[in-house]
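Asker: Below is the structure I would like to discuss, written out as C-alpha cells.
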Amino acid sequence: MEISAMITELKKEAADLDERIRTLIDRKDAVKMAIESLELLQSTDAPSDTAPEAKPVDRPVRSVGRPGKPKRVVQKDDKGIVLHEYRSVSQAAKAFGWTYAAMNKYLASTSKEKQLKLRGYYLAYAA
C-alpha cells in the first residue's frame, strides 16, 4: 500500500505543478504585452532635455471623399509589400484588440521605423 499511496501523492503534486506552470505562462504573456505597450507609450511621450531640432513631420495620408468615409489601413512588411488590408481604422483596431482612439493615435504618432523595429511590420493609412 505504501507504493500506491506514493503514486497518488506524486500524481497530485504533478497536477498542482501543471496548474502553476499554466498560471505562470499566462502571467508571463501578460507582462510581455504590458512591456510592449509601455515601450510604445515611452516612444510617444519621451521628454527631451534640449530644444528639439526642426524635422519634417510625416503626416498620415487622409482619406479623400465625403466626410465620414472610413480610412483604409494597410499592414506592410519592411519591403512595402501589403500583408493585410483593413477597411477602416475601427476594423484594424478590433483585429489588434485596441480601441479606435489607440489605433488612431498609433497611426498618427508612431513612425514607420519604430513600428518596423518593434513589430517587424508597419501600419499606415492606404493611399
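Chain labels A, B, ... are given in the sequence in which chains occur in the C-alpha cells; within each chain residues are numbered consecutively from 1, and ligands are likewise numbered from 1 in the order shown.
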Show me, as an mmCIF file with N, CA and C atoms, in the first residue's frame, the residues that have an atom within 8 Å of Arg72 (chain A) when counting only C-alpha atoms, minus same-chain residues fewer than 4 positions from it.
Answerer:
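Output below, filename around-v7.cif:
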```cif
data_model
loop_
_atom_site.group_PDB
_atom_site.id
_atom_site.type_symbol
_atom_site.label_atom_id
_atom_site.label_comp_id
_atom_site.auth_asym_id
_atom_site.auth_seq_id
_atom_site.Cartn_x
_atom_site.Cartn_y
_atom_site.Cartn_z
ATOM 1 N N SER A 63 -8.020 60.273 -46.018
ATOM 2 C CA SER A 63 -8.984 59.731 -46.955
ATOM 3 C C SER A 63 -9.580 60.857 -47.796
ATOM 4 N N GLU A 85 -5.012 44.215 -45.413
ATOM 5 C CA GLU A 85 -5.670 45.500 -45.592
ATOM 6 C C GLU A 85 -6.968 45.497 -44.802
ATOM 7 N N TYR A 86 -7.192 46.557 -44.060
ATOM 8 C CA TYR A 86 -8.405 46.710 -43.262
ATOM 9 C C TYR A 86 -9.260 47.799 -43.886
ATOM 10 N N ARG A 87 -10.568 47.620 -43.871
ATOM 11 C CA ARG A 87 -11.478 48.585 -44.494
ATOM 12 C C ARG A 87 -11.555 49.892 -43.736
ATOM 13 N N SER A 88 -11.254 49.860 -42.445
ATOM 14 C CA SER A 88 -11.375 51.073 -41.635
ATOM 15 C C SER A 88 -10.433 50.993 -40.442
ATOM 16 N N VAL A 89 -10.254 52.133 -39.795
ATOM 17 C CA VAL A 89 -9.441 52.185 -38.582
ATOM 18 C C VAL A 89 -10.100 51.324 -37.505
ATOM 19 N N TYR A 125 -2.075 54.423 -43.234
ATOM 20 C CA TYR A 125 -3.292 54.656 -43.986
ATOM 21 C C TYR A 125 -3.019 54.290 -45.447
ATOM 22 N N ALA A 126 -4.001 53.670 -46.092
ATOM 23 C CA ALA A 126 -3.867 53.329 -47.513
ATOM 24 C C ALA A 126 -3.965 54.596 -48.332
#
```
Asker: Apply DSSP to the structure's backbone, then extract all residues of chain A labelled strand (DSSP E or B) and return them as a VMD selection string.
Answerer: chain A and resid 73 to 77 82 to 86 121 to 125
Asker: Using DSSP on the backbone coordinates, identify the residues of chain A assigned to alpha helix (DSSP H); present them as a ChimeraX atom specification.
Answerer: /A:2-45,89-96,100-109,112-119
Asker: List every residue of region 92-111 of chain A that has an atom at most 12 Å from any atom of region 16-39 of chain A, and for each one report the closest atom pair and its distance in Å to one decimal, counting only C-alpha atoms, with rows sorted by chain and then by increasing residue number, as a Markdown table.
Answerer:
```
| residue | atom | partner | partner_atom | distance |
| --- | --- | --- | --- | --- |
| A:Gly97 | CA | A:Met33 | CA | 11.7 |
| A:Trp98 | CA | A:Ser37 | CA | 10.9 |
| A:Ala102 | CA | A:Ser37 | CA | 10.8 |
| A:Tyr106 | CA | A:Ser37 | CA | 10.9 |
| A:Thr110 | CA | A:Glu39 | CA | 11.3 |
```
Asker: Can you list, as a list in words, every protein, DNA or RNA residue that comes within 12 Å of Ala101 (chain A) when you count only C-alpha atoms, leaving out same-chain residues fewer than 5 positions away?
Answerer: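 Close residues of Ala101 (chain A): Val89, Ser90, Ala92, Ala93, Lys94, Tyr106, Leu107, Ala108 and Ser109 of chain A.
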Asker: Mind writing the picked residues with C-alpha atoms as a PDB file, in the first residue's frame?
Answerer:
```pdb
ATOM      1  CA  VAL A  89      -9.441  52.185 -38.582  1.00  0.00           C
ATOM      2  CA  SER A  90     -12.133  50.550 -36.444  1.00  0.00           C
ATOM      3  CA  ALA A  92      -7.880  47.379 -37.739  1.00  0.00           C
ATOM      4  CA  ALA A  93      -8.271  48.324 -34.070  1.00  0.00           C
ATOM      5  CA  LYS A  94     -10.621  45.404 -33.486  1.00  0.00           C
ATOM      6  CA  TYR A 106      -0.643  54.852 -33.085  1.00  0.00           C
ATOM      7  CA  LEU A 107      -1.073  55.577 -36.796  1.00  0.00           C
ATOM      8  CA  ALA A 108      -0.568  59.307 -36.282  1.00  0.00           C
ATOM      9  CA  SER A 109       2.362  59.295 -33.875  1.00  0.00           C
TER      10      SER A 109
END
```
Asker: What gap, in Å, lies between CA of Ile81 (chain A) and CA of Thr44 (chain A)?
Answerer: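 Separating CA of Ile81 (chain A) from CA of Thr44 (chain A) is a distance of 25.9 Å.
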Asker: How far is it from CA of Leu83 (chain A) to CA of Gln42 (chain A), in Å with one decimal?
Answerer: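 CA of Leu83 (chain A) sits 26.8 Å away from CA of Gln42 (chain A).
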